[in-house]
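Asks: Sharing data_1.txt, compact mmCIF, C-alpha atoms and all ligand atoms:
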```txt
# COMPACT_ATOMS: atom_id res chain seq x y z
CA MET G 1 -73.12 173.95 72.47
CA LEU G 2 -70.23 172.65 74.61
CA GLU G 3 -68.35 175.98 74.60
CA LYS G 4 -67.46 176.96 78.19
CA LYS G 5 -69.35 173.98 79.63
CA ARG G 6 -67.68 172.52 82.74
CA ILE G 7 -67.72 168.75 82.76
CA LEU G 8 -66.79 166.72 85.81
CA LEU G 9 -65.73 163.41 84.31
CA ILE G 10 -65.77 160.41 86.63
CA VAL G 11 -63.70 157.55 85.27
CA SER G 12 -64.59 154.24 86.88
CA GLY G 13 -62.82 150.93 86.47
CA GLY G 14 -63.70 149.46 83.09
CA ILE G 15 -61.54 148.68 80.09
CA ALA G 16 -63.36 151.44 78.17
CA ALA G 17 -61.45 153.91 80.36
CA VAL G 18 -58.77 153.67 77.66
CA LYS G 19 -61.11 155.72 75.43
CA VAL G 20 -61.29 158.54 77.97
CA PRO G 21 -58.19 160.44 76.76
CA ASP G 22 -59.83 160.71 73.30
CA LEU G 23 -63.10 161.77 74.94
CA ILE G 24 -61.33 164.54 76.87
CA ARG G 25 -59.59 165.71 73.70
CA ARG G 26 -62.88 165.89 71.77
CA LEU G 27 -64.65 167.75 74.57
CA ARG G 28 -61.87 170.29 74.90
CA GLU G 29 -61.74 170.77 71.11
CA ARG G 30 -65.36 171.91 71.42
CA GLY G 31 -64.52 174.45 74.10
CA ALA G 32 -65.57 172.46 77.19
CA SER G 33 -63.40 172.26 80.29
CA VAL G 34 -62.94 168.83 81.83
CA ARG G 35 -61.99 167.98 85.37
CA CYS G 36 -61.48 164.31 86.21
CA ILE G 37 -62.13 162.13 89.19
CA VAL G 38 -60.69 158.67 88.71
CA THR G 39 -61.62 155.71 90.89
CA LYS G 40 -59.06 153.15 92.08
CA GLY G 41 -60.34 150.79 89.37
CA GLY G 42 -60.25 153.50 86.71
CA ALA G 43 -56.60 154.23 87.50
CA GLN G 44 -55.80 150.61 86.60
CA PHE G 45 -56.77 151.34 83.00
CA VAL G 46 -55.76 154.97 82.44
CA THR G 47 -53.10 156.86 84.31
CA PRO G 48 -54.08 159.95 86.29
CA LEU G 49 -51.06 161.62 84.74
CA SER G 50 -52.40 161.28 81.20
CA LEU G 51 -55.84 162.51 82.34
CA ALA G 52 -54.19 165.53 83.98
CA ALA G 53 -52.08 166.25 80.91
CA LEU G 54 -55.06 166.05 78.53
CA SER G 55 -57.52 167.93 80.70
CA GLY G 56 -55.01 170.55 81.81
CA GLU G 57 -56.44 170.24 85.33
CA PRO G 58 -55.45 168.33 88.46
CA VAL G 59 -56.97 164.85 88.68
CA TYR G 60 -58.83 163.99 91.87
CA GLN G 61 -58.59 160.51 93.32
CA ASP G 62 -58.72 160.39 97.06
CA LEU G 63 -61.61 161.36 99.29
CA PHE G 64 -59.30 161.83 102.23
CA SER G 65 -56.51 163.66 100.47
CA LEU G 66 -55.82 166.77 102.51
CA LYS G 67 -54.18 168.41 99.54
CA ASP G 68 -57.24 167.95 97.32
CA GLU G 69 -59.58 168.96 100.12
CA SER G 70 -57.65 172.12 100.83
CA GLU G 71 -57.67 173.07 97.15
CA MET G 72 -61.15 171.87 96.30
CA GLY G 73 -63.58 170.11 98.63
CA HIS G 74 -65.58 167.25 97.14
CA ILE G 75 -68.76 169.25 97.53
CA ARG G 76 -67.38 172.15 95.52
CA LEU G 77 -65.94 169.76 92.98
CA SER G 78 -69.37 168.31 92.29
CA ARG G 79 -71.17 171.64 92.32
CA GLU G 80 -68.76 173.60 90.15
CA ALA G 81 -69.71 171.57 87.10
CA ASP G 82 -72.50 171.98 84.56
CA ILE G 83 -72.82 168.21 84.33
CA ILE G 84 -71.23 165.12 85.82
CA LEU G 85 -70.38 162.49 83.24
CA VAL G 86 -69.55 158.98 84.42
CA ALA G 87 -67.63 157.30 81.58
CA PRO G 88 -67.16 154.44 81.69
CA ALA G 89 -69.88 153.65 84.22
CA THR G 90 -69.37 150.13 85.55
CA ALA G 91 -72.12 147.92 86.98
CA ASP G 92 -70.54 148.58 90.36
CA ILE G 93 -70.73 152.37 90.23
CA MET G 94 -74.30 152.22 88.91
CA ALA G 95 -75.28 150.00 91.86
CA LYS G 96 -73.55 152.38 94.27
CA MET G 97 -75.37 155.36 92.76
CA VAL G 98 -78.69 153.57 93.22
CA ALA G 99 -77.88 152.66 96.82
CA GLY G 100 -76.58 156.15 97.63
CA MET G 101 -73.22 154.82 98.76
CA ALA G 102 -70.36 157.23 99.29
CA ASP G 103 -67.26 155.20 99.99
CA ASP G 104 -64.83 156.99 97.69
CA LEU G 105 -64.44 160.40 96.06
CA ALA G 106 -66.42 159.48 92.91
CA THR G 107 -69.49 158.16 94.73
CA THR G 108 -69.33 160.96 97.29
CA ALA G 109 -69.29 163.58 94.52
CA LEU G 110 -72.24 161.84 92.85
CA LEU G 111 -74.22 161.83 96.07
CA ALA G 112 -73.34 165.41 96.99
CA THR G 113 -74.20 166.95 93.64
CA ASP G 114 -77.17 169.03 92.63
CA LYS G 115 -76.13 168.95 88.98
CA PRO G 116 -77.35 166.75 86.11
CA VAL G 117 -75.62 163.40 85.76
CA MET G 118 -75.00 161.38 82.59
CA ILE G 119 -73.65 157.83 82.55
CA ALA G 120 -72.02 155.85 79.74
CA PRO G 121 -72.37 152.24 80.92
CA SER G 122 -69.67 149.74 79.98
CA MET G 123 -69.55 146.13 81.07
CA ASN G 124 -69.80 142.50 80.04
CA VAL G 125 -73.06 141.54 78.30
CA MET G 126 -74.19 139.22 81.11
CA MET G 127 -73.56 141.94 83.68
CA TRP G 128 -75.48 144.42 81.55
CA THR G 129 -78.49 142.18 80.99
CA HIS G 130 -78.55 140.93 84.60
CA PRO G 131 -81.85 141.91 86.24
CA ALA G 132 -79.91 143.72 89.00
CA THR G 133 -78.20 146.06 86.49
CA GLN G 134 -81.37 146.53 84.45
CA SER G 135 -83.35 147.41 87.54
CA ASN G 136 -80.58 149.81 88.65
CA LEU G 137 -80.67 151.37 85.19
CA GLN G 138 -84.41 151.92 85.45
CA ILE G 139 -84.06 153.51 88.89
CA LEU G 140 -81.36 155.85 87.62
CA LYS G 141 -83.48 156.79 84.60
CA ASP G 142 -86.43 157.46 86.91
CA ARG G 143 -84.15 159.81 88.85
CA ARG G 144 -83.52 161.62 85.57
CA VAL G 145 -79.97 160.39 85.14
CA GLU G 146 -79.14 160.68 81.42
CA VAL G 147 -77.91 157.46 79.83
CA VAL G 148 -75.82 157.18 76.66
CA GLY G 149 -75.28 153.71 75.18
CA PRO G 150 -74.14 151.06 75.65
CA GLY G 151 -73.77 149.74 72.13
CA ALA G 152 -73.51 146.19 70.91
CA GLY G 153 -70.38 144.55 69.54
CA ASP G 154 -67.21 142.74 70.55
CA LEU G 155 -66.53 143.11 74.23
CA ALA G 156 -63.08 143.13 75.81
CA CYS G 157 -63.88 139.88 77.63
CA GLY G 158 -64.17 138.10 74.27
CA GLU G 159 -67.96 137.86 74.33
CA VAL G 160 -70.24 139.65 71.90
CA GLY G 161 -73.34 141.63 72.77
CA ASP G 162 -74.61 144.74 74.52
CA GLY G 163 -72.29 146.42 76.95
CA ARG G 164 -69.72 148.32 74.88
CA MET G 165 -69.38 151.89 76.05
CA ALA G 166 -70.96 154.32 73.57
CA GLU G 167 -68.48 155.62 71.01
CA VAL G 168 -66.66 158.80 72.03
CA LEU G 169 -68.46 160.91 69.41
CA ASP G 170 -71.82 159.55 70.53
CA ILE G 171 -71.04 160.64 74.09
CA VAL G 172 -70.06 164.07 72.79
CA GLY G 173 -73.33 164.09 70.79
CA ALA G 174 -75.40 163.14 73.83
CA LEU G 175 -73.83 165.96 75.87
CA THR G 176 -74.45 168.42 73.04
CA GLN G 177 -78.10 167.40 72.86
CA PHE G 178 -78.46 167.62 76.59
CA PHE G 179 -77.31 171.25 76.65
CA GLN G 180 -79.24 172.07 73.48
CA LYS G 181 -82.44 170.81 75.07
CA ARG G 182 -81.78 172.70 78.29
CA GLU G 183 -81.01 175.92 76.47
CA HIS G 184 -84.27 175.77 74.56
CA LYS G 185 -86.38 174.58 77.49
CA GLY G 186 -89.54 176.63 77.50
CA GLY G 187 -88.49 178.20 74.18
CA LEU G 188 -91.77 177.19 72.54
CA VAL G 189 -94.16 178.22 75.30
CA GLY G 190 -97.14 179.91 73.64
CA VAL G 191 -96.30 178.40 70.24
CA ARG G 192 -98.89 176.23 68.49
CA ALA G 193 -97.53 173.32 66.47
CA LEU G 194 -99.12 170.76 64.18
CA VAL G 195 -97.32 167.50 63.41
CA THR G 196 -98.42 164.77 61.00
CA SER G 197 -97.07 161.28 61.56
CA GLY G 198 -97.35 157.66 60.47
CA PRO G 199 -98.74 156.14 57.30
CA THR G 200 -102.24 156.51 55.93
CA HIS G 201 -104.50 153.57 55.09
CA GLU G 202 -106.40 153.95 51.85
CA PRO G 203 -109.22 151.39 51.75
CA ILE G 204 -109.67 149.07 48.79
CA ASP G 205 -112.66 147.43 50.41
CA PRO G 206 -113.74 146.99 54.06
CA VAL G 207 -110.83 144.59 54.82
CA ARG G 208 -107.98 145.68 52.54
CA TYR G 209 -106.02 148.85 52.18
CA ILE G 210 -103.01 150.48 50.48
CA SER G 211 -100.34 151.71 52.87
CA ASN G 212 -96.57 151.94 53.41
CA ARG G 213 -93.89 150.98 55.93
CA SER G 214 -93.88 154.20 57.95
CA SER G 215 -93.71 153.48 61.71
CA GLY G 216 -94.55 156.98 62.94
CA LYS G 217 -91.45 156.93 65.16
CA GLN G 218 -89.94 160.11 63.74
CA GLY G 219 -93.17 162.12 63.66
CA HIS G 220 -94.19 161.08 67.17
CA ALA G 221 -90.70 161.93 68.48
CA ILE G 222 -90.96 165.39 66.90
CA ALA G 223 -94.34 165.97 68.54
CA ALA G 224 -92.85 164.89 71.89
CA SER G 225 -89.79 167.15 71.52
CA LEU G 226 -91.86 170.20 70.58
CA ALA G 227 -94.14 169.59 73.57
CA GLU G 228 -91.11 169.25 75.86
CA LEU G 229 -90.03 172.74 74.83
CA GLY G 230 -93.45 174.04 75.80
CA ALA G 231 -95.33 174.08 72.48
CA HIS G 232 -99.03 173.31 72.29
CA VAL G 233 -98.89 170.33 69.93
CA THR G 234 -101.60 168.69 67.85
CA LEU G 235 -100.45 165.36 66.43
CA VAL G 236 -102.48 164.07 63.49
CA THR G 237 -101.49 160.48 63.03
CA GLY G 238 -102.28 157.52 60.85
CA PRO G 239 -102.35 154.00 62.34
CA THR G 240 -99.10 153.25 64.22
CA HIS G 241 -97.92 151.26 67.23
CA GLU G 242 -96.22 154.29 68.75
CA PRO G 243 -97.52 155.48 72.11
CA VAL G 244 -99.03 158.97 72.16
CA PRO G 245 -96.38 161.31 73.62
CA ASN G 246 -97.15 163.06 76.92
CA GLY G 247 -98.76 166.45 76.74
CA VAL G 248 -99.72 166.15 73.08
CA GLN G 249 -103.23 166.45 71.69
CA VAL G 250 -103.75 163.57 69.29
CA VAL G 251 -106.15 163.12 66.37
CA HIS G 252 -106.26 159.59 64.93
CA ILE G 253 -107.08 159.31 61.25
CA GLU G 254 -106.83 156.62 58.60
CA THR G 255 -106.92 158.19 55.16
CA ALA G 256 -105.10 161.12 53.56
CA ALA G 257 -108.41 162.93 53.11
CA GLN G 258 -109.12 162.58 56.85
CA MET G 259 -105.57 163.76 57.64
CA MET G 260 -106.12 166.83 55.47
CA ASN G 261 -109.39 167.66 57.27
CA ALA G 262 -107.84 167.18 60.70
CA CYS G 263 -104.92 169.46 59.76
CA ARG G 264 -107.23 172.16 58.48
CA THR G 265 -109.24 171.97 61.72
CA ALA G 266 -106.02 172.39 63.75
CA LEU G 267 -105.19 175.72 62.03
CA PRO G 268 -104.12 178.37 62.78
CA THR G 269 -100.72 177.22 64.05
CA ASP G 270 -97.27 178.76 64.12
CA VAL G 271 -95.38 175.67 63.01
CA VAL G 272 -96.27 172.61 60.94
CA VAL G 273 -94.10 169.54 60.60
CA CYS G 274 -95.40 167.11 57.98
CA ALA G 275 -93.63 163.88 58.88
CA ALA G 276 -96.42 161.55 57.79
CA ALA G 277 -95.87 159.19 54.89
CA VAL G 278 -99.14 160.04 53.21
CA ALA G 279 -100.19 157.54 50.55
CA ASP G 280 -99.99 159.19 47.16
CA TRP G 281 -103.09 157.47 45.87
CA ALA G 282 -106.48 156.41 47.15
CA VAL G 283 -108.67 153.83 45.48
CA ASP G 284 -111.33 155.55 43.48
CA GLY G 285 -114.76 154.38 44.61
CA ALA G 286 -113.44 151.90 47.22
CA ASN G 287 -115.77 148.96 47.46
CA GLY G 288 -118.39 148.89 50.18
CA SER G 289 -118.22 145.12 50.33
CA LYS G 290 -115.30 142.67 50.20
CA ILE G 291 -114.04 142.04 46.68
CA LYS G 292 -114.28 138.30 45.87
CA LYS G 293 -111.93 136.24 43.70
CA SER G 294 -113.72 135.53 40.46
CA GLY G 295 -112.21 132.65 38.52
CA GLY G 296 -108.78 134.17 37.74
CA LYS G 297 -110.22 137.49 36.65
CA MET G 298 -108.23 140.25 38.33
CA PRO G 299 -110.08 143.20 39.81
CA ALA G 300 -108.89 146.52 38.40
CA LEU G 301 -108.14 149.19 40.97
CA LYS G 302 -108.62 152.69 39.73
CA LEU G 303 -106.45 155.10 41.68
CA THR G 304 -106.96 158.75 42.30
CA GLU G 305 -104.33 161.17 43.63
CA ASN G 306 -104.56 162.18 47.28
CA PRO G 307 -104.49 165.82 48.34
CA ASP G 308 -100.97 167.02 49.13
CA ILE G 309 -101.28 168.24 52.72
CA LEU G 310 -97.83 169.79 52.91
CA ALA G 311 -98.26 171.72 49.67
CA SER G 312 -101.72 172.82 50.67
CA LEU G 313 -100.61 174.10 54.11
CA SER G 314 -97.67 175.91 52.46
CA GLN G 315 -99.89 177.97 50.16
CA PRO G 316 -99.48 181.68 50.85
CA GLY G 317 -102.45 183.19 52.68
CA PRO G 318 -103.60 184.43 56.06
CA GLN G 319 -103.83 180.87 57.47
CA ARG G 320 -100.30 179.89 56.38
CA PRO G 321 -98.24 178.86 59.42
CA GLY G 322 -95.05 180.91 59.87
CA LEU G 323 -92.83 177.86 59.53
CA VAL G 324 -93.79 174.85 57.39
CA ILE G 325 -91.48 171.84 57.42
CA GLY G 326 -91.74 168.80 55.20
CA PHE G 327 -89.82 165.57 54.83
CA ALA G 328 -88.29 164.16 51.69
CA ALA G 329 -87.79 160.43 51.91
CA GLU G 330 -85.76 159.57 48.86
CA THR G 331 -83.89 156.59 47.49
CA ASP G 332 -81.94 158.50 44.80
CA ASN G 333 -80.40 161.97 44.33
CA LEU G 334 -81.37 162.90 47.88
CA LEU G 335 -80.39 166.57 47.97
CA GLU G 336 -81.39 167.40 44.42
CA ASN G 337 -84.84 165.94 44.99
CA ALA G 338 -85.15 167.58 48.42
CA ARG G 339 -84.35 171.02 47.01
CA ALA G 340 -86.82 170.50 44.18
CA LYS G 341 -89.47 169.36 46.67
CA ARG G 342 -88.93 172.45 48.84
CA ALA G 343 -89.49 174.68 45.82
CA ALA G 344 -92.42 172.69 44.43
CA LYS G 345 -94.32 172.50 47.72
CA LYS G 346 -93.36 176.04 48.83
CA CYS G 347 -92.49 174.87 52.33
CA ASP G 348 -89.74 176.55 54.36
CA TRP G 349 -87.56 173.63 55.40
CA ILE G 350 -87.17 170.09 54.17
CA VAL G 351 -85.74 167.31 56.29
CA ALA G 352 -84.22 165.00 53.70
CA ASN G 353 -83.58 161.37 54.55
CA ASP G 354 -82.29 158.46 52.56
CA VAL G 355 -84.71 155.56 52.78
CA SER G 356 -82.93 153.16 50.41
CA ILE G 357 -82.93 149.52 51.40
CA GLY G 358 -80.15 148.94 53.92
CA THR G 359 -80.40 152.36 55.61
CA GLY G 360 -82.98 150.93 58.04
CA THR G 361 -84.73 154.30 58.25
CA PHE G 362 -88.25 152.99 57.75
CA GLY G 363 -89.23 151.38 61.04
CA GLY G 364 -85.69 151.70 62.44
CA ASP G 365 -84.56 153.79 65.41
CA SER G 366 -81.97 155.99 63.76
CA ASN G 367 -82.00 158.48 60.94
CA THR G 368 -79.39 160.28 58.85
CA VAL G 369 -80.83 163.55 57.64
CA HIS G 370 -79.96 166.78 55.89
CA LEU G 371 -81.83 169.95 56.71
CA VAL G 372 -82.54 171.96 53.56
CA THR G 373 -83.47 175.60 54.18
CA ALA G 374 -83.39 178.83 52.17
CA GLU G 375 -79.85 179.37 53.51
CA GLY G 376 -78.50 176.04 52.32
CA VAL G 377 -78.02 172.44 53.37
CA GLU G 378 -76.95 171.21 56.80
CA GLU G 379 -75.63 167.70 57.08
CA TRP G 380 -76.54 166.09 60.40
CA PRO G 381 -74.72 163.03 61.76
CA THR G 382 -76.56 159.73 62.12
CA LEU G 383 -78.70 160.17 65.22
CA SER G 384 -81.49 158.32 66.95
CA LYS G 385 -84.93 159.47 65.75
CA ARG G 386 -85.42 160.93 69.20
CA ALA G 387 -82.19 162.94 68.83
CA VAL G 388 -83.17 164.12 65.32
CA ALA G 389 -86.46 165.29 66.85
CA GLU G 390 -84.73 167.13 69.69
CA ARG G 391 -82.34 168.82 67.32
CA LEU G 392 -85.15 169.84 64.98
CA ALA G 393 -87.21 171.17 67.90
CA ALA G 394 -84.20 173.19 69.09
CA ARG G 395 -83.77 174.61 65.57
CA ILE G 396 -87.46 175.50 65.42
CA SER G 397 -87.22 177.20 68.80
CA ALA G 398 -84.15 179.21 67.75
CA HIS G 399 -85.89 180.22 64.49
CA ILE G 400 -89.06 181.33 66.26
CA GLN G 401 -87.12 183.32 68.83
CA ARG G 402 -85.18 185.08 66.06
CA HIS G 403 -88.40 186.01 64.24
CA ARG G 404 -90.47 187.02 67.27
O1 LIG G 501 -94.21 164.27 47.60
P1 LIG G 501 -93.69 163.48 48.73
O2 LIG G 501 -94.63 162.46 49.29
O3 LIG G 501 -92.33 162.88 48.50
O4 LIG G 501 -93.43 164.59 49.88
C1 LIG G 501 -93.09 164.27 51.17
C2 LIG G 501 -93.55 165.35 52.11
O5 LIG G 501 -94.85 165.79 51.76
C3 LIG G 501 -93.67 164.85 53.53
O6 LIG G 501 -93.42 165.95 54.37
C4 LIG G 501 -95.12 164.40 53.59
O7 LIG G 501 -95.59 164.42 54.93
C5 LIG G 501 -95.81 165.44 52.75
N1 LIG G 501 -96.99 164.95 52.04
C6 LIG G 501 -98.23 165.40 52.41
N2 LIG G 501 -99.34 165.00 51.72
C7 LIG G 501 -99.23 164.14 50.69
C8 LIG G 501 -97.99 163.68 50.30
C9 LIG G 501 -96.88 164.08 50.99
O8 LIG G 501 -98.33 166.17 53.37
N3 LIG G 501 -100.32 163.76 50.04
```
Written as structure tokens, how would this file's structure read?
Replies:
Amino acid sequence: MLEKKRILLIVSGGIAAVKVPDLIRRLRERGASVRCIVTKGGAQFVTPLSLAALSGEPVYQDLFSLKDESEMGHIRLSREADIILVAPATADIMAKMVAGMADDLATTALLATDKPVMIAPSMNVMMWTHPATQSNLQILKDRRVEVVGPGAGDLACGEVGDGRMAEVLDIVGALTQFFQKREHKGGLVGVRALVTSGPTHEPIDPVRYISNRSSGKQGHAIAASLAELGAHVTLVTGPTHEPVPNGVQVVHIETAAQMMNACRTALPTDVVVCAAAVADWAVDGANGSKIKKSGGKMPALKLTENPDILASLSQPGPQRPGLVIGFAAETDNLLENARAKRAAKKCDWIVANDVSIGTGTFGGDSNTVHLVTAEGVEEWPTLSKRAVAERLAARISAHIQRHR
């Protein structure tokens, strides 16, 4: 994804600038070219000479340098890039970007550009959480500036908290996703997609139900990512706290049986992603009125198996969507079980994720998955659920384009 991409890297004055040489190395390893602008502050932490040596390009520092201007004006510098990455981005440079200041080469290039901009903020936790920085961050996001990190941890100032620049590989990952998304933009126009998400609630009586810990974050993010690429998306979701993504048609259900009906109604579609954690069992003959305690005598719940929506949608036939994707949330023998599930349910791909205690997958914001297809198993790095969704949507788009 980063092959032949031209990155203008602005290094501002934070201690995390010491990670920039590694960042340049990683970007170049992936085929990107990197040209650096370093601010006066940045040059206090990393020498322009090492940036030049690692990038294999001159390093630009001075707005008024005749030499630089004769070789490469600041306007050209900012336009001859595919993206401008500010790493580290200090509170100061973020504030200047918001205000539209242009008092050095870095800020002038940022103001003069018509290219996408990504920032990797890095600062002390109090500076990061200060309302001024948070409001600047929001303004930059509203202007479609991409933001990667910061993470939490030990800070150079000795304090602990949010403000550490994102790890080098996370910045590389964010750039990769950015280009991936752009490449596939519009790739799903005209494609109909169905996504299931969230848990189901299987009533025991009017006030109680059987359910699970699914948050719906992953399924909702997949619906959003498919819609962003232009797909017409129907999201069938159980009860969750997740907001309905923009541009997605939503059907709210409670039980597995209702989810099955809603999915059938949404057919025909080209793609189905079953990300819902459908309860395996419903209570047979759920009570119409609230079950009362009766002197230590336990009520017996008789369970009946729910319909398997994924398996049912995967059945060969004229209504079968071209690409059916299921999830395998496992606590043991992840890949073995995922492969077996793919075969048993007759779906095309399985996204396998480890949901053992400690992985934080259920309800958490990140996910470590493997994609199991007929061709084999792909191991994906730990990504945010949003990033997993974007990557999956990009894979779906590439697959559909290949089979059009
Ligand atoms: O069999 P298991 O629940 O582990 O399979 C998980 C996959 O099957 C997920 O994609 C889930 O959405 C789907 N599924 C379904 N209907 C069910 C049970 C699971 O669609 N009743």
Asks: (-68.1, 160.0, 96.6) in this file's frame - what residues fall within 10 Å of it? Use all atoms listed in the file and give the answer as a PyMOL selection string.
Replies: chain G and resi 37+39+62-63+74-75+78+96-97+100-113
Asks: Grab the CA of Gln134 in chain G to CA of Gly151 in chain G distance for me, in Å with one decimal place.
Replies: 14.8 Å
Asks: Please indicate the distance in Å from CA of Ser197 in chain G to CA of Ser215 in chain G, rounded to one decimal place.
Replies: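 CA of Ser215 in chain G lies 8.5 Å from CA of Ser197 in chain G.
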Asks: Taking all atoms listed in the file into account, which residues are within 9 Å of ligand LIG 501 (chain G), as a count of residues only?
Replies: 37
Asks: State, in Å with one decimal place, the distance from CA of Asp270 in chain G to CA of Pro321 in chain G.
Replies: 4.8 Å
Asks: Give as a count of residues only each residue that has an atom at most 8 Å from (-59.2, 152.9, 86.6) in the file, counting only C-alpha atoms.
Replies: 15
Asks: Closest to Trp380 in chain G among G:Trp128, G:Glu242, G:Gly173, G:Asp142, using only C-alpha atoms?
Replies: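 The answer is G:Gly173, which sits nearest to Trp380 in chain G.
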Asks: I want to know what sits within 7 Å of range 360-367 of chain G, based on all atoms listed in the file, with residues of the same chain fewer than 2 positions away left out; could you give that as a ChimeraX atom specification?
Replies: /G:213-215,355,357-358,369,382-385
Asks: As a list in words, please: the residues near Thr255 in chain G (cut-off 6 Å, all atoms listed in the file, same-chain neighbours under 4 positions excluded).
Replies: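 Contacts, with the query itself left out: Thr200, His201 and Glu202 of chain G.
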Asks: Using the selection just defined, write its residues with C-alpha atoms as a short mmCIF file (atom, residue, chain, number, x, y, z; two decimals), in the coordinates of the input.
Replies:
```cif
data_model
loop_
_atom_site.label_atom_id
_atom_site.label_comp_id
_atom_site.auth_asym_id
_atom_site.auth_seq_id
_atom_site.Cartn_x
_atom_site.Cartn_y
_atom_site.Cartn_z
CA THR G 200 -102.24 156.51 55.93
CA HIS G 201 -104.50 153.57 55.09
CA GLU G 202 -106.40 153.95 51.85
#
```
